[in-house]
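Chemist: My questions will all concern the structure given below.
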Amino acid sequence: MKPALMKPDSMKPDSMKPDSMKPDSMKPDSMTASSIGSVLMSSALIGTVLTRSAPMLFARFAATVLLFLSAIGSAYAIDPLPFKDRAEEVRFQNLTKQLRCLVCQNQDLADSDAALAGDLRKQVFDMMQAGKSDAEIKQYLVDRYNDFVLYDPPVKPGTWLLWFTPFVLVLIGAVVLVRIVRARARQAVALQAGAKGITQSEDDDW
Amino acid sequence: MTRLIPLFAFCALVGLLGFGIYWNSRHEMSEVPSPLIGKSAPAFTLPFLYEPAKTLSGKELLGKPYLLNVFGSWCPTCQFEHPILTQQIKPLGIKLIGLDWKDEPDDAKRWIAQFGNPYDALITDRDGRAGIDFGVYMAPETFLVDAQGVVRYKRIGMFTQENIRDELLPKIAEMQREGGR
């Protein structure tokens, strides 16, 4: 199988940064021990003074703020590209989000700070200026770097297994489920009938 | 027997995951297979490092096979590969073209002065455009191009004794067999 199919897209480095931890994972007890930023430090300090529920609330608030800030911080690796309007910029960002950086392979082109990613962003921008469609730009990169540059592998015989296995598994599960439910229903009917002293063995095949 | 089905299904799953681990440990997962293998090398016209006024194009190289080694003075692995190029690749007698990729010419000249020049020709791709056409995404990378200008093999990362023996030499032998016919 191609390596492209093996890379879990959810493994973006951004989601592994310590400052993007979920608020629920920060308990006030552990906060005094391991405070990450100054916000958390102060929350821990206040926590020693105030009652137990107040630092809890404050910790949640601080964690939410941190989460929010980290989301802003990791938005884009910005190059000063001269977009002619907002629509063009949005198109550029959408397109580069669908393309993988070859250097840091779990990052998209929009996010990556690698030098090659910068070159490729410039290339995408130049091709947009030259009036190329999104499909043409993607094909240009696929011709050079393989399907691997696309975050979504294209549907073709080689990727059928990847795309359709989940649906096949759900289908198999549904068939098994229906069969079990039917068998149990039949059993229940048979038990009821047995309790009433009526033999229903001939009626079982309805 | 029916009661054993979940156990079999579980064993099959364990087998599948085990195979995945085995497979991944045997393959370099960050290697992106080049779509250029078996196709004509992309056209390029690039200035020489030591004579920037003169250029070398892919067309001028037709007729004889060559190795295109992508390197940069900023690339630490290229330093490790350098003695292998000198001692093991150069004696193969195939034309070795150095492509100085995304690099300052002065830095490249210093690098060559320090380590020596294993290349038959040294060209520069300062803005990396030719590199993109070749699908270069790291250094070192090396392309084996045959006499007809078709890319036969790409090495991603440095050459080692093992991959020269197991990958490069068989490809060269294959080319020579075809040439002899």
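By order of appearance in the structure tokens: chains A, B, ..., then residues from 1 within every chain, and ligands from 1 in the order shown.
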Do you know which residues are at most 8 Å from Glu81 of chain B counting only C-alpha atoms, after dropping those on the same chain fewer than 6 positions away, and could you put them as a PDB file with N, CA and C atoms, in the first residue's frame?

Modeler:
ATOM      1  N   PRO B 140      19.909  14.819   0.448  1.00  0.00           N
ATOM      2  CA  PRO B 140      20.147  14.600  -0.984  1.00  0.00           C
ATOM      3  C   PRO B 140      19.081  13.706  -1.630  1.00  0.00           C
ATOM      4  N   MET B 158      20.424   9.692   1.318  1.00  0.00           N
ATOM      5  CA  MET B 158      21.798   9.470   0.853  1.00  0.00           C
ATOM      6  C   MET B 158      22.013   8.057   0.315  1.00  0.00           C
ATOM      7  N   PHE B 159      22.981   7.954  -0.572  1.00  0.00           N
ATOM      8  CA  PHE B 159      23.409   6.637  -1.025  1.00  0.00           C
ATOM      9  C   PHE B 159      24.193   5.956   0.080  1.00  0.00           C
ATOM     10  N   THR B 160      23.962   4.674   0.225  1.00  0.00           N
ATOM     11  CA  THR B 160      24.776   3.880   1.135  1.00  0.00           C
ATOM     12  C   THR B 160      25.288   2.691   0.330  1.00  0.00           C
TER      13      THR B 160
END

Chemist: For chain B against chain A, which residues fall within 8 Å using only C-alpha atoms, given as an MDAnalysis selection string?

Modeler: chainID B and resid 29:36 128 132:135 137:138

Chemist: Take the residues that were just selected and, keeping N, CA and C atoms, output them as a PDB file, in the first residue's frame.

Modeler:
ATOM      1  N   MET B  29       8.590   5.265   5.725  1.00  0.00           N
ATOM      2  CA  MET B  29       7.243   5.738   5.427  1.00  0.00           C
ATOM      3  C   MET B  29       7.206   7.180   4.928  1.00  0.00           C
ATOM      4  N   SER B  30       8.276   7.919   5.157  1.00  0.00           N
ATOM      5  CA  SER B  30       8.248   9.308   4.687  1.00  0.00           C
ATOM      6  C   SER B  30       8.689   9.412   3.227  1.00  0.00           C
ATOM      7  N   GLU B  31       9.096   8.286   2.626  1.00  0.00           N
ATOM      8  CA  GLU B  31       9.512   8.319   1.234  1.00  0.00           C
ATOM      9  C   GLU B  31       8.293   8.367   0.310  1.00  0.00           C
ATOM     10  N   VAL B  32       8.276   9.364  -0.533  1.00  0.00           N
ATOM     11  CA  VAL B  32       7.180   9.495  -1.480  1.00  0.00           C
ATOM     12  C   VAL B  32       7.670   8.993  -2.830  1.00  0.00           C
ATOM     13  N   PRO B  33       7.130   7.864  -3.316  1.00  0.00           N
ATOM     14  CA  PRO B  33       7.602   7.329  -4.590  1.00  0.00           C
ATOM     15  C   PRO B  33       7.416   8.355  -5.709  1.00  0.00           C
ATOM     16  N   SER B  34       8.442   8.518  -6.527  1.00  0.00           N
ATOM     17  CA  SER B  34       8.381   9.537  -7.570  1.00  0.00           C
ATOM     18  C   SER B  34       7.473   9.105  -8.707  1.00  0.00           C
ATOM     19  N   PRO B  35       6.568   9.988  -9.134  1.00  0.00           N
ATOM     20  CA  PRO B  35       5.744   9.665 -10.301  1.00  0.00           C
ATOM     21  C   PRO B  35       6.533   9.801 -11.601  1.00  0.00           C
ATOM     22  N   LEU B  36       7.796  10.217 -11.519  1.00  0.00           N
ATOM     23  CA  LEU B  36       8.580  10.461 -12.730  1.00  0.00           C
ATOM     24  C   LEU B  36       9.247   9.201 -13.267  1.00  0.00           C
ATOM     25  N   GLY B 128      14.794  27.045  -6.649  1.00  0.00           N
ATOM     26  CA  GLY B 128      14.159  25.752  -6.407  1.00  0.00           C
ATOM     27  C   GLY B 128      13.087  25.361  -7.407  1.00  0.00           C
ATOM     28  N   ILE B 132      11.347  21.618  -7.963  1.00  0.00           N
ATOM     29  CA  ILE B 132       9.911  21.302  -7.906  1.00  0.00           C
ATOM     30  C   ILE B 132       9.523  20.455  -9.109  1.00  0.00           C
ATOM     31  N   ASP B 133      10.045  20.818 -10.297  1.00  0.00           N
ATOM     32  CA  ASP B 133       9.717  20.035 -11.498  1.00  0.00           C
ATOM     33  C   ASP B 133      10.168  18.587 -11.360  1.00  0.00           C
ATOM     34  N   PHE B 134      11.273  18.381 -10.668  1.00  0.00           N
ATOM     35  CA  PHE B 134      11.773  17.027 -10.451  1.00  0.00           C
ATOM     36  C   PHE B 134      11.113  16.359  -9.245  1.00  0.00           C
ATOM     37  N   GLY B 135      10.253  17.086  -8.564  1.00  0.00           N
ATOM     38  CA  GLY B 135       9.603  16.517  -7.384  1.00  0.00           C
ATOM     39  C   GLY B 135      10.560  16.326  -6.230  1.00  0.00           C
ATOM     40  N   TYR B 137      11.963  16.983  -2.692  1.00  0.00           N
ATOM     41  CA  TYR B 137      11.416  17.553  -1.470  1.00  0.00           C
ATOM     42  C   TYR B 137      12.392  17.469  -0.300  1.00  0.00           C
ATOM     43  N   MET B 138      13.558  16.907  -0.553  1.00  0.00           N
ATOM     44  CA  MET B 138      14.591  16.923   0.479  1.00  0.00           C
ATOM     45  C   MET B 138      15.937  16.775  -0.217  1.00  0.00           C
TER      46      MET B 138
END

Chemist: Give me every helix (DSSP H, G or I) residue in segment 123-178 of chain A, going by DSSP on the backbone, as number ranges by chain.

Modeler: A: 123-129, 134-145, 147-149, 157-178

Chemist: Which neighbours of Tyr50 of chain B fall inside 10 Å, counting only C-alpha atoms, when residues of the same chain fewer than 4 positions from it are skipped, and could you give them as a list in words?

Modeler: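 Final neighbour list, sorted by chain and number: Lys54, Pro105, Asp106, Lys109, Ala121, Leu122, Ile123 and Thr124 of chain B.
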
Chemist: Using C-alpha atoms, can you write the selected residues to a file as a PDB file, in the first residue's frame?

Modeler:
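Writing the result to selection.pdb gives the following:
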ATOM      1  CA  LYS B  54      26.670  29.522 -19.224  1.00  0.00           C
ATOM      2  CA  PRO B 105      26.359  30.023  -4.823  1.00  0.00           C
ATOM      3  CA  ASP B 106      29.085  31.364  -2.513  1.00  0.00           C
ATOM      4  CA  LYS B 109      31.586  27.053  -3.649  1.00  0.00           C
ATOM      5  CA  ALA B 121      29.168  19.240 -13.968  1.00  0.00           C
ATOM      6  CA  LEU B 122      27.804  21.496 -11.261  1.00  0.00           C
ATOM      7  CA  ILE B 123      24.625  23.469 -11.867  1.00  0.00           C
ATOM      8  CA  THR B 124      22.560  25.675  -9.577  1.00  0.00           C
TER       9      THR B 124
END

Chemist: For His82 of chain B, list every protein, DNA or RNA residue within 8 Å, evaluated using only C-alpha atoms, and leave out those in the same chain fewer than 3 positions away; present the list as a PDB file with C-alpha atoms, in the first residue's frame.

Modeler:
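Saved the output as result-v3.pdb:
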ATOM      1  CA  CYS B  78      24.921  15.661   1.922  1.00  0.00           C
ATOM      2  CA  GLN B  79      28.188  15.868   3.857  1.00  0.00           C
ATOM      3  CA  LEU B  85      29.846   9.897  -4.110  1.00  0.00           C
ATOM      4  CA  THR B  86      33.596  10.284  -4.417  1.00  0.00           C
ATOM      5  CA  PHE B 115      35.022  18.662   0.705  1.00  0.00           C
ATOM      6  CA  PRO B 118      32.963  14.713  -7.227  1.00  0.00           C
TER       7      PRO B 118
END

Chemist: Tell me, in Å to one decimal, how far atom CA of Gln93 of chain A is from atom CA of Glu141 of chain B.

Modeler: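 Between these atoms lies a distance of 29.6 Å.
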